[in-house]
Each structure stands twice: as structure tokens, then as C-alpha cells.
$ cat run.cif   # mmCIF, C-alpha atoms
data_structure
loop_
_atom_site.label_atom_id
_atom_site.label_comp_id
_atom_site.auth_asym_id
_atom_site.auth_seq_id
_atom_site.Cartn_x
_atom_site.Cartn_y
_atom_site.Cartn_z
CA MET C 1 206.83 49.55 147.06
CA ALA C 2 206.00 52.82 145.35
CA GLU C 3 202.39 54.01 145.44
CA LEU C 4 200.05 56.36 143.63
CA GLN C 5 198.23 58.23 146.39
CA PHE C 6 195.35 60.62 145.85
CA PHE C 7 194.55 63.25 148.50
CA THR C 8 191.22 64.93 147.96
CA GLY C 9 188.83 67.37 149.58
CA THR C 10 186.73 70.38 148.70
CA MET C 11 188.25 73.75 147.97
CA ASP C 12 189.74 75.42 151.03
CA SER C 13 190.44 72.11 152.79
CA GLY C 14 194.22 72.44 152.79
CA LYS C 15 195.25 70.29 149.80
CA SER C 16 198.03 72.58 148.59
CA THR C 17 199.28 73.09 152.14
CA LEU C 18 199.50 69.32 152.54
CA ALA C 19 201.27 69.03 149.18
CA LEU C 20 203.92 71.50 150.35
CA GLN C 21 204.25 69.75 153.71
CA THR C 22 204.60 66.37 152.00
CA ASN C 23 207.39 67.73 149.83
CA HIS C 24 209.12 69.21 152.87
CA ASN C 25 208.95 65.97 154.83
CA HIS C 26 210.42 63.87 152.02
CA ALA C 27 213.10 66.41 151.11
CA ALA C 28 214.13 66.63 154.77
CA ARG C 29 214.93 62.90 154.64
CA GLY C 30 217.21 63.37 151.65
CA ARG C 31 214.75 62.31 148.98
CA VAL C 32 214.68 64.20 145.67
CA GLY C 33 211.35 65.06 144.10
CA ARG C 34 209.64 67.13 141.46
CA ILE C 35 206.66 69.41 142.03
CA PHE C 36 203.93 69.87 139.43
CA THR C 37 200.81 71.99 139.32
CA SER C 38 198.23 73.27 136.86
CA GLN C 39 196.45 76.62 136.72
CA ASP C 40 197.29 77.63 140.26
CA ARG C 41 195.60 80.88 141.25
CA ALA C 42 199.03 82.40 142.06
CA GLY C 43 200.11 82.02 138.43
CA ALA C 44 201.89 79.59 136.17
CA ALA C 45 204.60 77.26 137.54
CA THR C 46 203.70 78.04 141.16
CA LEU C 47 202.24 75.84 143.88
CA SER C 48 200.57 78.12 146.40
CA SER C 49 198.65 77.69 149.62
CA ARG C 50 196.03 80.05 150.98
CA LEU C 51 198.14 80.20 154.14
CA GLY C 52 200.66 82.18 152.09
CA LEU C 53 203.18 79.41 151.33
CA GLN C 54 204.54 79.06 147.81
CA HIS C 55 206.99 76.87 145.91
CA ASP C 56 208.23 76.84 142.34
CA ALA C 57 206.65 74.08 140.29
CA ILE C 58 206.48 72.65 136.80
CA GLU C 59 203.35 73.77 134.96
CA VAL C 60 201.24 70.95 133.51
CA ASP C 61 199.23 71.74 130.39
CA GLY C 62 197.20 69.37 128.25
CA ALA C 63 200.23 68.36 126.17
CA PHE C 64 202.57 67.61 129.07
CA ASP C 65 203.90 64.03 129.19
CA PHE C 66 204.87 62.88 132.69
CA TRP C 67 206.44 59.65 131.44
CA LYS C 68 208.71 61.40 128.94
CA TYR C 69 209.69 64.03 131.50
CA VAL C 70 210.68 61.55 134.21
CA VAL C 71 212.42 59.10 131.87
CA GLY C 72 214.31 62.03 130.34
CA ALA C 73 215.41 63.26 133.75
CA LEU C 74 216.64 59.79 134.75
CA THR C 75 218.40 59.27 131.41
CA ARG C 76 220.33 62.50 131.94
CA GLY C 77 221.55 61.20 135.28
CA GLY C 78 219.01 62.98 137.46
CA ARG C 79 217.47 61.50 140.57
CA VAL C 80 213.71 61.35 141.07
CA ASP C 81 212.35 59.65 144.20
CA TYR C 82 208.83 61.10 144.22
CA LEU C 83 206.42 63.43 142.44
CA ILE C 84 204.12 66.02 144.04
CA CYS C 85 201.17 66.67 141.70
CA ASP C 86 198.89 69.50 142.82
CA GLU C 87 195.65 70.58 141.12
CA ALA C 88 195.47 67.05 139.71
CA GLN C 89 191.79 67.50 138.84
CA PHE C 90 192.99 69.51 135.83
CA TYR C 91 195.19 66.69 134.49
CA THR C 92 193.90 64.58 131.63
CA PRO C 93 193.03 60.89 132.14
CA THR C 94 196.03 60.05 129.93
CA GLN C 95 198.32 62.01 132.23
CA ILE C 96 196.94 60.15 135.25
CA GLU C 97 197.71 56.88 133.45
CA GLN C 98 201.26 58.14 132.87
CA LEU C 99 201.60 58.74 136.62
CA ALA C 100 200.40 55.20 137.34
CA ARG C 101 202.96 53.85 134.87
CA ILE C 102 205.72 55.82 136.60
CA VAL C 103 204.77 54.18 139.90
CA ASP C 104 204.55 50.67 138.48
CA GLU C 105 207.53 50.61 136.13
CA LEU C 106 209.95 53.09 137.71
CA GLN C 107 209.00 52.56 141.38
CA ILE C 108 208.65 56.31 142.01
CA ASP C 109 206.09 57.51 144.55
CA VAL C 110 203.40 59.86 143.24
CA PHE C 111 201.38 62.07 145.60
CA ALA C 112 198.44 63.68 143.79
CA PHE C 113 196.24 66.40 145.30
CA GLY C 114 192.96 67.68 143.89
CA ILE C 115 189.22 68.18 144.23
CA LEU C 116 186.77 65.54 143.07
CA THR C 117 183.94 67.48 141.48
CA ASP C 118 183.45 70.70 139.56
CA PHE C 119 180.90 73.45 140.24
CA ARG C 120 178.17 71.26 138.68
CA SER C 121 178.90 68.44 141.16
CA VAL C 122 180.30 66.35 138.29
CA LEU C 123 183.60 64.44 138.62
CA PHE C 124 186.59 66.00 136.91
CA PRO C 125 187.95 63.50 134.35
CA GLY C 126 191.39 63.57 135.96
CA SER C 127 189.98 62.98 139.43
CA ALA C 128 187.74 60.20 138.16
CA ARG C 129 190.76 58.40 136.70
CA LEU C 130 192.66 58.85 139.95
CA VAL C 131 189.79 57.26 141.88
CA GLU C 132 189.97 54.33 139.48
CA LEU C 133 193.76 53.89 139.55
CA ALA C 134 195.11 55.16 142.87
CA ASP C 135 196.60 52.67 145.32
CA ARG C 136 195.22 54.80 148.13
CA MET C 137 192.64 57.56 148.23
CA ASN C 138 192.80 59.87 151.24
CA VAL C 139 190.01 62.28 152.14
CA LEU C 140 191.47 65.29 153.93
CA GLN C 141 190.49 65.52 157.58
CA VAL C 142 190.41 69.33 157.64
CA GLU C 143 186.77 70.05 156.86
CA ALA C 144 185.82 73.13 154.89
CA LEU C 145 182.60 74.66 156.19
CA CYS C 146 179.54 76.01 154.43
CA TRP C 147 178.37 79.49 155.47
CA CYS C 148 175.72 77.75 157.60
CA GLY C 149 178.37 75.94 159.63
CA LYS C 150 177.73 72.46 158.23
CA ARG C 151 180.46 70.44 156.54
CA ALA C 152 180.95 71.67 152.98
CA THR C 153 180.94 68.91 150.37
CA GLN C 154 180.22 70.86 147.16
CA ASN C 155 182.19 73.39 145.14
CA ALA C 156 180.09 76.29 143.82
CA ARG C 157 180.96 78.89 141.19
CA THR C 158 179.59 82.39 141.55
CA GLU C 159 179.27 85.28 139.14
CA ASN C 160 178.81 88.61 140.86
CA GLY C 161 177.80 86.73 144.00
CA GLU C 162 175.16 84.51 142.35
CA MET C 163 175.69 80.77 141.99
CA VAL C 164 175.83 79.43 138.42
CA THR C 165 175.57 75.86 137.14
CA GLU C 166 176.48 76.37 133.48
CA GLY C 167 179.61 77.49 131.68
CA GLU C 168 183.17 76.38 131.00
CA VAL C 169 184.31 73.65 133.38
CA ILE C 170 187.70 75.25 134.05
CA VAL C 171 187.66 78.93 134.99
CA VAL C 172 190.28 80.12 137.47
CA GLY C 173 188.79 82.15 140.29
CA ASP C 174 189.18 82.69 144.01
CA VAL C 175 187.47 81.54 147.18
CA ASP C 176 188.68 84.47 149.27
CA PRO C 177 186.25 87.32 149.99
CA SER C 178 186.87 90.56 148.15
CA ASP C 179 188.29 93.58 149.95
CA ASP C 180 185.58 95.82 148.52
CA ASP C 181 181.80 95.60 148.64
CA ALA C 182 181.45 94.34 145.07
CA ALA C 183 181.67 90.58 144.61
CA PRO C 184 184.31 89.38 142.13
CA GLU C 185 183.09 88.66 138.64
CA ILE C 186 184.08 85.00 139.01
CA GLY C 187 184.46 83.37 142.40
CA TYR C 188 184.19 80.04 144.15
CA GLU C 189 182.54 79.03 147.38
CA VAL C 190 182.17 75.77 149.26
CA LEU C 191 178.66 74.78 150.31
CA CYS C 192 176.90 71.91 152.01
CA ARG C 193 174.81 69.74 149.68
CA GLN C 194 171.53 71.33 150.77
CA HIS C 195 172.59 74.89 150.03
CA HIS C 196 174.38 73.92 146.81
CA ARG C 197 171.16 72.26 145.62
CA ARG C 198 169.20 75.40 146.49
CA GLY C 199 171.82 77.79 145.07
CA MET C 200 172.04 79.49 148.45
CA THR C 201 175.42 81.21 148.61
CA ALA C 202 176.61 83.25 151.57
CA SER C 203 175.74 86.54 149.89
CA ARG C 204 172.26 85.34 148.96
CA ALA C 205 171.70 84.02 152.48
CA HIS C 206 172.61 87.42 153.86
CA ALA C 207 170.14 89.08 151.50
CA VAL C 208 167.20 86.81 152.35
CA GLN C 209 167.69 87.42 156.06
CA MET C 210 166.09 90.80 155.44
CA ILE C 211 162.97 89.30 153.84
CA GLY C 212 162.83 85.82 155.33
CA ASP C 213 164.00 82.55 153.79
CA PRO C 214 161.20 81.10 151.60
CA LEU C 215 160.20 77.49 152.03
CA PRO C 216 161.67 75.16 149.38
CA PHE C 217 158.18 74.13 148.21
CA GLY C 218 154.93 75.77 147.22
CA ASP C 219 151.88 76.45 149.40
CA SER C 220 150.01 73.62 147.67
CA ARG C 221 152.04 71.11 149.70
CA LEU C 222 151.07 72.63 153.01
CA GLY C 223 147.54 71.31 152.81
#
$ encode --input "run.cif" --output "C-alpha cells"
Amino acid sequence: MAELQFFTGTMDSGKSTLALQTNHNHAARGRVGRIFTSQDRAGAATLSSRLGLQHDAIEVDGAFDFWKYVVGALTRGGRVDYLICDEAQFYTPTQIEQLARIVDELQIDVFAFGILTDFRSVLFPGSARLVELADRMNVLQVEALCWCGKRATQNARTENGEMVTEGEVIVVGDVDPSDDDAAPEIGYEVLCRQHHRRGMTASRAHAVQMIGDPLPFGDSRLG
């Protein structure tokens, strides 16, 4: 029986690498699939991994209709055994419902990959619908690490190295360190819950080492 599977983890946990590997494994067994992505940092219509792997993909915008695309492909005599859907957090809830319909009515496997929460620690609508509808939800075993060495569970957005908690939900940035001394205007960083709550990014942690890390409460609580 076909399934809708959701693979999730924080940024930098290998989701796109797994998406590419999943496609390779199925294609190697003679299955025919389609690859989709949305707002990949490598550019439109590209599924890319931070390990340097890339594959052409179909770009998904807010108006894209998965059901119409797949039915159209089958009607024209094409073969579709599975779908690889990367950056699924950016899909709309309606598009997730279309994927579920493809599984149920066309018996085509769907493998979706994406992060759960945005930089505010709020569920993406697409990811929330996947949690509600997926036959299986798989948390990636490759753990991204906070700068402190603890398991990273939160996705943080930075502007010029400082963590922000307000702004547009979708802003494409990068998690890789810059080659120069200046932090990128918009960037992303994975943090443990404690340091996300305190807004303590790697650059800020480095700065406070010179002056000492202040206690997270006032002197009035010491007495």
C-alpha cells in the first residue's frame, strides 16, 4: 500500500541529502518518480544538499496543484511511482491534502521532507498538516548541534549576527558561516531550546566570553 511519509528535523540535519538518497534508491530499482522542491537556497527548480549534491526538480509555488500535475502526467501516458517533496514546510495545507489524495486514490508513494517550526518556534502550516495526515512521521537520526554542543531543536533567524523573532515567516537565507568577518544580513542557525529562548547565538556567545555570561535573572533573586 502506498504511504505518505514525512521526514523531519531541524535545519542542517540532512533532510535534502536523505531526499536525494531516497530518490536514488527507488530509481535504482526501476521505479519512476518526480522530484519537487520550494525555495531551495541553490535557486528555483533545484534540490540541493549542503554536502554539494544537486538534482533538477519541479518548483512548487503557492498556486501549484499536485493532483492536477500527477493526473495530467498519467493521462498523457507517463509513469509515476513515487514523489519526492523537499522543503515541504513551504507547501500550503491544501497542497499537503493533494499529496494525501494522490496516495489514497492513485496509490503513489509520497516522501515529504521538511522542518517543523519556523524561527519563532511556531509550526509551519504545511508541516502541521503533514503531522496531521502522514501515515508515518520520521524524525531524522542525524542530530544537528547547537554551538554549545547540545542537540539543536530550534531554528533561529539572525540579522547581522543577532537573533530576531519578528518578521516575514519565509525569508531564504543560509546556515553556512560567511567567508568574511561580517555576518550575512540574513542567516539561520540551529540552537538548543535554552539558547534559542535566551537569544544566544554563536556570535553572541563568542562576544560575551570576553565579558562573562550574565545570569538569566536579576540580583533580587539571589537573596
$ residues_around --input "run.cif" --residues "Ser38 in chain C" --least-positions-apart "4" --cutoff "7 Å" --atoms "only C-alpha atoms" --output "list of chain:residue names"
C:Glu59, C:Val60, C:Asp61, C:Glu87, C:Phe90
$ atom_distance --input "run.cif" --atom1 "CA of Gln89 in chain C" --atom2 "CA of Arg157 in chain C"
15.9 Å
$ resolve_selection --input "run.cif" --expression "the PyMOL selection byres ((chain C and resi 125) around 10)" --output "list in words"
Ala88, Gln89, Phe90, Tyr91, Thr92, Pro93, Thr94, Ile96, Leu116, Thr117, Asp118, Val122, Leu123, Phe124, Gly126, Ser127, Ala128, Arg129, Leu130 and Val131 of chain C
$ write_last_selection --input "run.cif" --atoms "C-alpha atoms" --output "PDB file, keeping the file's coordinate frame"
ATOM      1  CA  ALA C  88     195.470  67.050 139.710  1.00  0.00           C
ATOM      2  CA  GLN C  89     191.790  67.500 138.840  1.00  0.00           C
ATOM      3  CA  PHE C  90     192.990  69.510 135.830  1.00  0.00           C
ATOM      4  CA  TYR C  91     195.190  66.690 134.490  1.00  0.00           C
ATOM      5  CA  THR C  92     193.900  64.580 131.630  1.00  0.00           C
ATOM      6  CA  PRO C  93     193.030  60.890 132.140  1.00  0.00           C
ATOM      7  CA  THR C  94     196.030  60.050 129.930  1.00  0.00           C
ATOM      8  CA  ILE C  96     196.940  60.150 135.250  1.00  0.00           C
ATOM      9  CA  LEU C 116     186.770  65.540 143.070  1.00  0.00           C
ATOM     10  CA  THR C 117     183.940  67.480 141.480  1.00  0.00           C
ATOM     11  CA  ASP C 118     183.450  70.700 139.560  1.00  0.00           C
ATOM     12  CA  VAL C 122     180.300  66.350 138.290  1.00  0.00           C
ATOM     13  CA  LEU C 123     183.600  64.440 138.620  1.00  0.00           C
ATOM     14  CA  PHE C 124     186.590  66.000 136.910  1.00  0.00           C
ATOM     15  CA  GLY C 126     191.390  63.570 135.960  1.00  0.00           C
ATOM     16  CA  SER C 127     189.980  62.980 139.430  1.00  0.00           C
ATOM     17  CA  ALA C 128     187.740  60.200 138.160  1.00  0.00           C
ATOM     18  CA  ARG C 129     190.760  58.400 136.700  1.00  0.00           C
ATOM     19  CA  LEU C 130     192.660  58.850 139.950  1.00  0.00           C
ATOM     20  CA  VAL C 131     189.790  57.260 141.880  1.00  0.00           C
TER      21      VAL C 131
END
$ residues_around --input "run.cif" --residues "Asn155 in chain C" --least-positions-apart "6" --cutoff "9 Å" --atoms "only C-alpha atoms" --output "ChimeraX atom specification"
/C:10-11,115,117-121,188-192,196
$ atom_distance --input "run.cif" --atom1 "CA of Glu105 in chain C" --atom2 "CA of Arg29 in chain C"
23.4 Å
$ closest_residue --input "run.cif" --among "C:Asp86, C:Gly78, C:Val70, C:Lys15" --to "Gln107 in chain C" --atoms "only C-alpha atoms"
C:Val70
$ atom_distance --input "run.cif" --atom1 "CA of Thr75 in chain C" --atom2 "CA of Ala112 in chain C"
23.9 Å
$ resolve_selection --input "run.cif" --expression "the PyMOL selection byres ((chain C and resi 198-202) around 10)" --output "CSV table (one decimal) with C-alpha atoms, keeping the file's coordinate frame"
chain,number,residue,atom,x,y,z
C,146,CYS,CA,179.5,76.0,154.4
C,147,TRP,CA,178.4,79.5,155.5
C,148,CYS,CA,175.7,77.8,157.6
C,156,ALA,CA,180.1,76.3,143.8
C,157,ARG,CA,181.0,78.9,141.2
C,158,THR,CA,179.6,82.4,141.6
C,161,GLY,CA,177.8,86.7,144.0
C,162,GLU,CA,175.2,84.5,142.4
C,163,MET,CA,175.7,80.8,142.0
C,164,VAL,CA,175.8,79.4,138.4
C,165,THR,CA,175.6,75.9,137.1
C,188,TYR,CA,184.2,80.0,144.2
C,189,GLU,CA,182.5,79.0,147.4
C,190,VAL,CA,182.2,75.8,149.3
C,191,LEU,CA,178.7,74.8,150.3
C,192,CYS,CA,176.9,71.9,152.0
C,193,ARG,CA,174.8,69.7,149.7
C,194,GLN,CA,171.5,71.3,150.8
C,195,HIS,CA,172.6,74.9,150.0
C,196,HIS,CA,174.4,73.9,146.8
C,197,ARG,CA,171.2,72.3,145.6
C,203,SER,CA,175.7,86.5,149.9
C,204,ARG,CA,172.3,85.3,149.0
C,205,ALA,CA,171.7,84.0,152.5
C,206,HIS,CA,172.6,87.4,153.9
C,207,ALA,CA,170.1,89.1,151.5
C,208,VAL,CA,167.2,86.8,152.4
C,216,PRO,CA,161.7,75.2,149.4
$ closest_residue --input "run.cif" --among "C:Gly187, C:Phe64, C:Thr153, C:Phe113" --to "Ala134 in chain C" --atoms "all atoms listed in the file"
C:Phe113
$ residues_around --input "run.cif" --residues "Ala100 in chain C" --least-positions-apart "6" --cutoff "10 Å" --atoms "only C-alpha atoms" --output "NGL selection string"
:C and (3-5 or 67 or 94 or 106-110 or 130 or 133-135)
$ resolve_selection --input "run.cif" --expression "the PyMOL selection byres ((chain C and resi 140) around 12)" --output "ChimeraX atom specification"
/C:6-19,113-116,137-139,141-144,153
$ residues_near_point --input "run.cif" --point "(212.4, 63.7, 140.5)" --cutoff "6 Å" --atoms "only C-alpha atoms" --output "PyMOL selection string"
chain C and resi 32-34+79-82
$ residues_near_point --input "run.cif" --point "(200.0, 82.1, 144.5)" --cutoff "12 Å" --atoms "all atoms listed in the file" --output "VMD selection string"
chain C and resid 16 to 17 37 to 57 173 to 174
$ decode --input "run.cif" --residues "range 181-210 of chain C" --atoms "N, CA, C and O atoms" --output "mmCIF file, in the first residue's frame"
data_model
loop_
_atom_site.group_PDB
_atom_site.id
_atom_site.type_symbol
_atom_site.label_atom_id
_atom_site.label_comp_id
_atom_site.auth_asym_id
_atom_site.auth_seq_id
_atom_site.Cartn_x
_atom_site.Cartn_y
_atom_site.Cartn_z
ATOM 1 N N ASP C 181 34.566 38.341 7.645
ATOM 2 C CA ASP C 181 34.317 38.596 9.057
ATOM 3 C C ASP C 181 32.916 39.110 9.323
ATOM 4 O O ASP C 181 32.396 38.985 10.427
ATOM 5 N N ALA C 182 32.290 39.720 8.320
ATOM 6 C CA ALA C 182 30.964 40.293 8.510
ATOM 7 C C ALA C 182 29.910 39.206 8.396
ATOM 8 O O ALA C 182 29.939 38.387 7.483
ATOM 9 N N ALA C 183 28.978 39.149 9.327
ATOM 10 C CA ALA C 183 27.896 38.188 9.274
ATOM 11 C C ALA C 183 26.961 38.541 8.124
ATOM 12 O O ALA C 183 26.832 39.707 7.756
ATOM 13 N N PRO C 184 26.323 37.538 7.504
ATOM 14 C CA PRO C 184 25.380 37.846 6.427
ATOM 15 C C PRO C 184 24.206 38.639 6.963
ATOM 16 O O PRO C 184 23.863 38.566 8.138
ATOM 17 N N GLU C 185 23.587 39.407 6.085
ATOM 18 C CA GLU C 185 22.454 40.220 6.507
ATOM 19 C C GLU C 185 21.345 39.339 7.078
ATOM 20 O O GLU C 185 20.776 39.637 8.119
ATOM 21 N N ILE C 186 21.022 38.244 6.374
ATOM 22 C CA ILE C 186 20.039 37.289 6.857
ATOM 23 C C ILE C 186 20.697 35.923 6.908
ATOM 24 O O ILE C 186 21.304 35.478 5.935
ATOM 25 N N GLY C 187 20.598 35.262 8.036
ATOM 26 C CA GLY C 187 21.159 33.927 8.176
ATOM 27 C C GLY C 187 20.287 33.079 9.083
ATOM 28 O O GLY C 187 19.336 33.565 9.690
ATOM 29 N N TYR C 188 20.629 31.802 9.149
ATOM 30 C CA TYR C 188 19.907 30.879 10.015
ATOM 31 C C TYR C 188 20.896 30.053 10.813
ATOM 32 O O TYR C 188 22.003 29.766 10.352
ATOM 33 N N GLU C 189 20.473 29.682 12.002
ATOM 34 C CA GLU C 189 21.338 28.937 12.907
ATOM 35 C C GLU C 189 20.471 28.007 13.744
ATOM 36 O O GLU C 189 19.345 28.362 14.113
ATOM 37 N N VAL C 190 20.967 26.821 14.009
ATOM 38 C CA VAL C 190 20.224 25.895 14.861
ATOM 39 C C VAL C 190 20.741 26.024 16.295
ATOM 40 O O VAL C 190 21.945 26.129 16.533
ATOM 41 N N LEU C 191 19.807 26.034 17.231
ATOM 42 C CA LEU C 191 20.134 26.218 18.640
ATOM 43 C C LEU C 191 19.393 25.203 19.495
ATOM 44 O O LEU C 191 18.338 24.690 19.095
ATOM 45 N N CYS C 192 19.916 24.933 20.681
ATOM 46 C CA CYS C 192 19.153 24.173 21.657
ATOM 47 C C CYS C 192 18.045 25.085 22.199
ATOM 48 O O CYS C 192 18.076 26.300 22.002
ATOM 49 N N ARG C 193 17.071 24.503 22.882
ATOM 50 C CA ARG C 193 15.945 25.302 23.351
ATOM 51 C C ARG C 193 16.390 26.394 24.310
ATOM 52 O O ARG C 193 15.901 27.532 24.259
ATOM 53 N N GLN C 194 17.326 26.087 25.194
ATOM 54 C CA GLN C 194 17.780 27.069 26.174
ATOM 55 C C GLN C 194 18.368 28.302 25.505
ATOM 56 O O GLN C 194 18.020 29.435 25.854
ATOM 57 N N HIS C 195 19.249 28.098 24.528
ATOM 58 C CA HIS C 195 19.905 29.245 23.906
ATOM 59 C C HIS C 195 19.004 29.941 22.897
ATOM 60 O O HIS C 195 19.171 31.143 22.654
ATOM 61 N N HIS C 196 18.031 29.233 22.325
ATOM 62 C CA HIS C 196 17.041 29.912 21.494
ATOM 63 C C HIS C 196 16.180 30.826 22.361
ATOM 64 O O HIS C 196 15.889 31.966 21.996
ATOM 65 N N ARG C 197 15.780 30.335 23.525
ATOM 66 C CA ARG C 197 14.953 31.137 24.431
ATOM 67 C C ARG C 197 15.695 32.382 24.894
ATOM 68 O O ARG C 197 15.105 33.451 25.064
ATOM 69 N N ARG C 198 16.998 32.261 25.073
ATOM 70 C CA ARG C 198 17.803 33.390 25.544
ATOM 71 C C ARG C 198 18.353 34.243 24.398
ATOM 72 O O ARG C 198 18.988 35.269 24.642
ATOM 73 N N GLY C 199 18.116 33.816 23.147
ATOM 74 C CA GLY C 199 18.640 34.569 22.012
ATOM 75 C C GLY C 199 20.150 34.527 21.935
ATOM 76 O O GLY C 199 20.783 35.460 21.427
ATOM 77 N N MET C 200 20.742 33.437 22.405
ATOM 78 C CA MET C 200 22.191 33.334 22.477
ATOM 79 C C MET C 200 22.730 32.586 21.254
ATOM 80 O O MET C 200 22.824 31.362 21.239
ATOM 81 N N THR C 201 23.049 33.328 20.211
ATOM 82 C CA THR C 201 23.629 32.737 19.014
ATOM 83 C C THR C 201 25.118 32.487 19.225
ATOM 84 O O THR C 201 25.703 32.919 20.227
ATOM 85 N N ALA C 202 25.737 31.809 18.267
ATOM 86 C CA ALA C 202 27.160 31.521 18.379
ATOM 87 C C ALA C 202 27.991 32.790 18.430
ATOM 88 O O ALA C 202 28.932 32.908 19.218
ATOM 89 N N SER C 203 27.639 33.780 17.598
ATOM 90 C CA SER C 203 28.409 35.019 17.580
ATOM 91 C C SER C 203 28.243 35.787 18.894
ATOM 92 O O SER C 203 29.200 36.367 19.409
ATOM 93 N N ARG C 204 27.046 35.786 19.444
ATOM 94 C CA ARG C 204 26.826 36.474 20.711
ATOM 95 C C ARG C 204 27.542 35.755 21.847
ATOM 96 O O ARG C 204 28.115 36.388 22.739
ATOM 97 N N ALA C 205 27.539 34.422 21.802
ATOM 98 C CA ALA C 205 28.240 33.653 22.828
ATOM 99 C C ALA C 205 29.733 33.951 22.805
ATOM 100 O O ALA C 205 30.375 34.072 23.853
ATOM 101 N N HIS C 206 30.269 34.098 21.601
ATOM 102 C CA HIS C 206 31.694 34.424 21.481
ATOM 103 C C HIS C 206 31.986 35.797 22.085
ATOM 104 O O HIS C 206 33.004 36.000 22.759
ATOM 105 N N ALA C 207 31.053 36.738 21.858
ATOM 106 C CA ALA C 207 31.260 38.094 22.363
ATOM 107 C C ALA C 207 31.212 38.145 23.893
ATOM 108 O O ALA C 207 32.020 38.825 24.522
ATOM 109 N N VAL C 208 30.258 37.412 24.494
ATOM 110 C CA VAL C 208 30.109 37.503 25.947
ATOM 111 C C VAL C 208 31.209 36.762 26.687
ATOM 112 O O VAL C 208 31.392 36.950 27.891
ATOM 113 N N GLN C 209 31.956 35.919 25.982
ATOM 114 C CA GLN C 209 33.094 35.256 26.623
ATOM 115 C C GLN C 209 34.108 36.276 27.128
ATOM 116 O O GLN C 209 34.826 36.029 28.087
ATOM 117 N N MET C 210 34.139 37.433 26.458
ATOM 118 C CA MET C 210 35.109 38.455 26.818
ATOM 119 C C MET C 210 34.690 39.236 28.061
ATOM 120 O O MET C 210 35.520 39.836 28.738
#
